[in-house]
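One file, coords-v8.txt, is given below (compact mmCIF, C-alpha atoms).
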```txt
# COMPACT_ATOMS: atom_id res chain seq x y z
CA MET A 1 0.00 0.00 0.00
CA ALA A 2 1.36 3.38 -0.99
CA SER A 3 1.86 5.92 1.76
CA THR A 4 -0.53 8.87 1.79
CA MET A 5 1.93 11.02 3.69
CA SER A 6 3.11 13.97 1.64
CA THR A 7 6.78 14.64 1.10
CA PRO A 8 8.35 17.29 3.36
CA THR A 9 8.37 19.80 0.52
CA GLU A 10 4.60 19.85 0.05
CA LYS A 11 1.88 21.64 2.02
CA ASP A 12 -1.52 21.89 0.40
CA GLY A 13 0.23 21.55 -2.91
CA GLN A 14 2.66 24.35 -2.05
CA PRO A 15 6.36 24.17 -1.04
CA LYS A 16 7.02 24.22 2.70
CA THR A 17 9.37 26.66 4.33
CA GLY A 18 10.90 27.44 7.75
CA ASP A 19 9.77 25.45 10.80
CA ASP A 20 7.15 23.55 8.79
CA MET A 21 9.88 22.22 6.53
CA ASN A 22 12.22 21.21 9.39
CA GLU A 23 9.52 19.48 11.45
CA ASP A 24 8.00 17.53 8.58
CA TRP A 25 11.39 16.61 7.13
CA SER A 26 12.35 15.02 10.44
CA LEU A 27 9.04 13.12 10.60
CA TRP A 28 9.37 12.00 6.97
CA ARG A 29 12.89 10.68 7.57
CA LYS A 30 11.74 8.60 10.56
CA ASN A 31 9.18 6.85 8.38
CA GLN A 32 11.64 5.83 5.68
CA THR A 33 13.49 2.54 5.31
CA PHE A 34 16.32 1.68 2.97
CA PRO A 35 16.48 -1.70 1.17
CA LEU A 36 20.12 -2.28 2.09
CA PHE A 37 20.27 -5.89 0.96
CA ASP A 38 18.93 -4.95 -2.48
CA LEU A 39 22.36 -3.47 -3.15
CA PRO A 40 25.16 -5.67 -4.52
CA PRO A 41 26.88 -7.49 -1.59
CA GLU A 42 30.23 -5.79 -2.16
CA LEU A 43 28.52 -2.39 -1.86
CA TRP A 44 26.37 -2.94 1.25
CA ILE A 45 29.27 -4.67 3.01
CA ARG A 46 31.49 -1.70 2.28
CA ILE A 47 28.85 0.71 3.58
CA CYS A 48 28.35 -1.25 6.81
CA ARG A 49 32.07 -1.61 7.48
CA PHE A 50 32.59 2.11 6.92
CA ALA A 51 29.86 2.79 9.49
CA VAL A 52 31.75 1.00 12.30
CA LEU A 53 35.37 1.95 11.61
CA ARG A 54 37.32 3.77 14.31
CA PRO A 55 40.05 5.72 12.49
CA ALA A 56 42.34 5.89 15.53
CA PRO A 57 42.93 4.00 18.79
CA THR A 58 40.36 4.64 21.51
CA VAL A 59 41.99 5.84 24.75
CA LEU A 60 40.39 4.70 28.01
CA THR A 61 41.19 5.59 31.63
CA ALA A 62 39.79 4.71 35.04
CA LYS A 63 39.02 8.41 35.56
CA LEU A 64 36.41 8.46 32.79
CA PRO A 65 32.82 8.67 34.00
CA ALA A 66 31.11 5.29 33.60
CA ARG A 67 28.72 6.52 30.91
CA VAL A 68 31.60 7.96 28.85
CA PHE A 69 33.68 4.79 29.20
CA ARG A 70 30.76 2.62 28.11
CA ALA A 71 29.95 4.88 25.18
CA LYS A 72 33.53 4.59 23.94
CA VAL A 73 33.53 0.78 23.97
CA ARG A 74 29.92 0.11 23.01
CA GLN A 75 29.45 -1.83 19.80
CA PRO A 76 27.69 0.31 17.16
CA PRO A 77 23.94 -0.33 16.78
CA ILE A 78 24.41 -1.56 13.22
CA THR A 79 26.37 -4.58 14.54
CA ARG A 80 23.26 -5.67 16.43
CA THR A 81 20.73 -5.46 13.60
CA CYS A 82 21.15 -9.00 12.27
CA THR A 83 23.62 -11.89 12.18
CA THR A 84 24.70 -11.18 8.60
CA ILE A 85 25.69 -7.57 9.26
CA ARG A 86 27.27 -8.44 12.60
CA LYS A 87 29.48 -11.04 10.94
CA GLU A 88 30.67 -8.52 8.34
CA THR A 89 31.24 -5.56 10.67
CA LEU A 90 32.30 -6.62 14.16
CA SER A 91 35.92 -7.42 13.31
CA HIS A 92 36.25 -4.00 11.65
CA PHE A 93 34.98 -2.24 14.77
CA TYR A 94 37.75 -3.94 16.79
CA ALA A 95 40.43 -3.39 14.13
CA ALA A 96 41.86 -0.30 15.88
CA PRO A 97 43.25 -0.81 19.40
CA PHE A 98 41.65 0.21 22.67
CA VAL A 99 44.41 1.72 24.84
CA TYR A 100 43.88 1.61 28.60
CA ASP A 101 46.01 4.28 30.29
CA ASP A 102 46.67 3.02 33.83
CA ARG A 103 48.71 5.93 35.15
CA SER A 104 45.87 7.02 37.44
CA GLN A 105 46.38 3.86 39.55
CA HIS A 106 42.63 3.54 40.14
CA GLU A 107 40.77 0.24 40.28
CA ALA A 108 39.81 -0.85 36.76
CA TRP A 109 36.13 -1.49 37.49
CA GLU A 110 34.81 -0.29 34.13
CA LEU A 111 37.44 -2.32 32.27
CA VAL A 112 36.34 -5.44 34.13
CA SER A 113 32.66 -4.72 33.45
CA TRP A 114 33.39 -4.31 29.76
CA LEU A 115 35.35 -7.56 29.49
CA LYS A 116 32.55 -9.40 31.30
CA VAL A 117 29.91 -8.49 28.73
CA LEU A 118 32.07 -9.45 25.76
CA ARG A 119 31.77 -12.97 24.38
CA ALA A 120 34.79 -15.18 25.02
CA GLU A 121 35.52 -15.46 21.30
CA THR A 122 35.36 -11.67 20.93
CA ARG A 123 37.87 -11.21 23.76
CA SER A 124 40.28 -13.81 22.39
CA ASP A 125 39.92 -13.39 18.62
CA LEU A 126 38.86 -9.80 17.90
CA LEU A 127 39.68 -7.46 20.77
CA ASP A 128 42.91 -5.48 20.40
CA LEU A 129 43.49 -4.16 23.94
CA VAL A 130 46.67 -2.37 25.04
CA ILE A 131 47.47 -1.49 28.65
CA GLU A 132 50.00 1.21 29.49
CA SER A 133 51.32 1.64 33.03
CA ASN A 134 54.26 3.29 34.78
CA GLN A 135 54.11 1.16 37.95
CA ASP A 136 55.65 -2.32 38.22
CA ASP A 137 53.25 -3.47 40.92
CA ARG A 138 50.31 -2.92 38.55
CA ILE A 139 51.52 -5.73 36.30
CA GLU A 140 50.62 -8.29 38.95
CA TYR A 141 47.28 -6.56 39.47
CA PHE A 142 46.37 -6.82 35.78
CA ASP A 143 47.70 -10.37 35.46
CA GLU A 144 45.29 -11.46 38.18
CA LEU A 145 42.44 -9.40 36.80
CA LEU A 146 42.86 -10.68 33.24
CA GLY A 147 43.41 -14.28 34.31
CA SER A 148 39.72 -14.66 35.14
CA PHE A 149 39.01 -13.99 31.44
CA LYS A 150 41.73 -16.40 30.23
CA LEU A 151 43.81 -13.41 29.11
CA GLN A 152 47.33 -12.32 30.01
CA LEU A 153 49.78 -9.46 29.50
CA GLU A 154 52.45 -9.58 26.82
CA ARG A 155 55.07 -6.83 27.07
CA THR A 156 55.64 -5.11 23.73
CA GLY A 157 57.94 -2.24 24.72
CA ALA A 158 58.12 1.08 26.52
CA ARG A 159 57.90 4.77 25.74
CA GLU A 160 58.77 7.97 27.55
CA SER A 161 56.05 10.35 28.69
CA GLY A 162 56.48 13.32 31.00
CA GLY A 163 59.98 12.22 31.95
CA ARG A 164 58.83 8.74 32.99
CA MET A 165 58.97 5.41 31.20
CA ILE A 166 55.60 3.88 30.35
CA GLU A 167 55.45 0.10 29.97
CA VAL A 168 53.27 -1.06 27.09
CA PHE A 169 51.49 -4.43 27.12
CA ASN A 170 49.22 -6.21 24.69
CA VAL A 171 46.41 -8.24 26.19
CA VAL A 172 46.49 -11.69 24.61
CA PRO A 173 44.82 -15.08 25.24
CA GLU A 174 46.46 -17.35 27.77
CA GLU A 175 49.09 -19.67 26.38
CA GLU A 176 47.66 -22.91 25.05
CA GLU A 177 49.65 -25.01 27.52
CA GLU A 178 47.97 -23.31 30.47
CA ALA A 179 44.55 -23.63 28.89
CA GLU A 180 45.16 -27.29 28.10
CA GLU A 181 46.30 -27.97 31.67
CA GLU A 182 43.14 -26.33 32.98
CA GLU A 183 41.08 -28.53 30.67
CA ARG A 184 42.94 -31.59 31.92
CA ARG A 185 42.16 -30.59 35.52
CA ARG A 186 38.49 -30.24 34.65
CA ARG A 187 38.46 -33.65 32.98
CA ARG A 188 40.13 -35.28 36.00
CA ALA A 189 37.62 -33.68 38.36
CA ARG A 190 34.77 -34.86 36.13
CA ARG A 191 36.11 -38.44 36.15
CA ARG A 192 36.41 -38.34 39.96
CA ARG A 193 32.78 -37.24 40.23
CA MET A 194 31.72 -40.03 37.88
CA ARG A 195 33.66 -42.64 39.90
CA THR A 196 32.06 -41.35 43.10
CA CYS A 197 28.61 -41.66 41.55
CA ASP A 198 29.40 -45.21 40.35
CA MET A 199 30.60 -46.23 43.82
CA ASP A 200 27.49 -44.76 45.42
CA GLY A 201 25.37 -46.72 42.96
CA GLU A 202 27.18 -49.99 43.73
CA MET A 203 26.73 -49.45 47.48
CA GLU A 204 23.01 -48.85 47.02
CA GLU A 205 22.70 -52.07 45.04
CA GLU A 206 24.53 -54.06 47.76
CA ILE A 207 22.24 -52.63 50.46
CA GLU A 208 19.15 -53.55 48.45
CA GLU A 209 20.44 -57.12 47.94
CA GLU A 210 21.10 -57.50 51.67
CA GLU A 211 17.61 -56.27 52.53
CA GLU A 212 16.05 -58.65 50.05
CA SER A 213 18.00 -61.63 51.47
CA LYS A 214 16.90 -60.73 55.00
CA GLY A 215 13.32 -60.42 53.92
```

Write the structure described by the file as structure tokens, please.
Amino acid sequence: MASTMSTPTEKDGQPKTGDDMNEDWSLWRKNQTFPLFDLPPELWIRICRFAVLRPAPTVLTAKLPARVFRAKVRQPPITRTCTTIRKETLSHFYAAPFVYDDRSQHEAWELVSWLKVLRAETRSDLLDLVIESNQDDRIEYFDELLGSFKLQLERTGARESGGRMIEVFNVVPEEEEEAEEEERRRRRARRRRMRTCDMDGEMEEEIEEEEESKG
């Protein structure tokens, strides 16, 4: 069915001007949709990727207000429209690094909250996170913090800033050996639980047999 709404340039058959034009143009735009997938794939993919690109690294600090921090790391709305667009755009959103400047020495609550909401595969395969700090004792702090996400620090160098040396670390997935050892521990614990269940089952059967023989 064709829309009966006039275009924003018409009013009783006459061109609109001033506030009438601005108000109706805004309303007209809200009622429009664009057939994105009618475009050739190479074109709509290019458009979507361009919409999520960050041209430079995003700098984060613990001093940022929570709403500002979250706005900086939030995935663009277009990545949440459908699976097809998400698959084509998410890696491009994470292509530029996120740099966490730790020189404030505050607790990294917002960083932890952000990592929690990310999928494990996004943290390990897509996220390019850099942590910069000028305090040695913070390395242990971040190692422990990142370990809960199966991530670890990898020193990549240092730079001078304000007369002090800043250590630079990439955040990378835990080494495979550690992950494999953790998986082995889980398997051993699972086998122990299974053996315990089997033993409990055998004991129950023996008790039932004894009761039947007495009866």

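Look at range 38-43 of chain A: the protein and nucleic acid residues within 12 Å of it, using all atoms listed in the file and passing over chain neighbours fewer than 5 places away, are Cys48, Arg49, Phe50, Thr84, Ile85 and Glu88 of chain A.
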
For a quick check of understanding, using all atoms listed in the file, which of A:Thr33, A:Thr83, A:Thr89, A:Ser148 has the smallest distance to Arg54 in chain A?
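The closest residue to Arg54 in chain A is A:Thr89.
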
Pull the closest atom pair for each residue of range 32-112 of chain A that gets at most 7 Å from range 132-138 of chain A, along with the distance in Å to one decimal, counting all atoms listed in the file, ordering rows by chain and then ascending residue number, as JSON lines.
```
{"residue": "A:Tyr100", "atom": "CA", "partner": "A:Glu132", "partner_atom": "CA", "distance": 6.2}
{"residue": "A:Asp101", "atom": "CA", "partner": "A:Glu132", "partner_atom": "CA", "distance": 5.1}
{"residue": "A:Asp102", "atom": "CA", "partner": "A:Ser133", "partner_atom": "CA", "distance": 4.9}
{"residue": "A:Arg103", "atom": "CA", "partner": "A:Ser133", "partner_atom": "CA", "distance": 5.5}
```

Written selection (C-alpha atoms) as a PDB file, in the frame of the given file:
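The file below, again-v7.pdb, is the result:
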```pdb
ATOM      1  CA  TYR A 100      43.880   1.610  28.600  1.00  0.00           C
ATOM      2  CA  ASP A 101      46.010   4.280  30.290  1.00  0.00           C
ATOM      3  CA  ASP A 102      46.670   3.020  33.830  1.00  0.00           C
ATOM      4  CA  ARG A 103      48.710   5.930  35.150  1.00  0.00           C
TER       5      ARG A 103
END
```

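Proximity to Ile45 in chain A was assessed for A:Asp143, A:Val112, A:Arg86, A:Pro77 counting all atoms listed in the file; the smallest distance is recorded for A:Arg86.
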
Distance query Pro57 in chain A at most 10 Å, only C-alpha atoms, self and fewer than 6 positions along chain excluded, as an MDAnalysis selection string:
chainID A and resid 94:99 128:130

Ranking A:Arg67, A:Arg155, A:Arg164, A:His92 by minimum distance to Arg46 in chain A and counting all atoms listed in the file, which one comes first?
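Comparing A:Arg67, A:Arg155, A:Arg164, A:His92 against Arg46 in chain A, the winner is A:His92.
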
So which one's closest to Val73 in chain A, A:Leu153, A:Ala108, A:Met165, A:Val117? Using all atoms listed in the file, please.
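Looking at the shortest contact to Val73 in chain A, the residue is A:Val117.
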
What's the 10 Å shell around His106 in chain A, counting only C-alpha atoms, without same-chain residues fewer than 6 positions away, as a ChimeraX atom specification?
/A:61-63

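Here CA of Asn170 in chain A is placed at a distance of 5.1 Å from CA of Glu154 in chain A.
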
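Distance check against Leu53 in chain A using only C-alpha atoms: of A:Leu111, A:Ala66, A:Leu90, A:Ile131, the minimum falls on A:Leu90.
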
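CA of Ile78 in chain A is positioned 20.2 Å from CA of Asp125 in chain A.
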
Nearest to Tyr141 in chain A, restricted to all atoms listed in the file and choosing among A:Glu175, A:Gln105, A:Gly162, A:Val168, comes out as A:Gln105
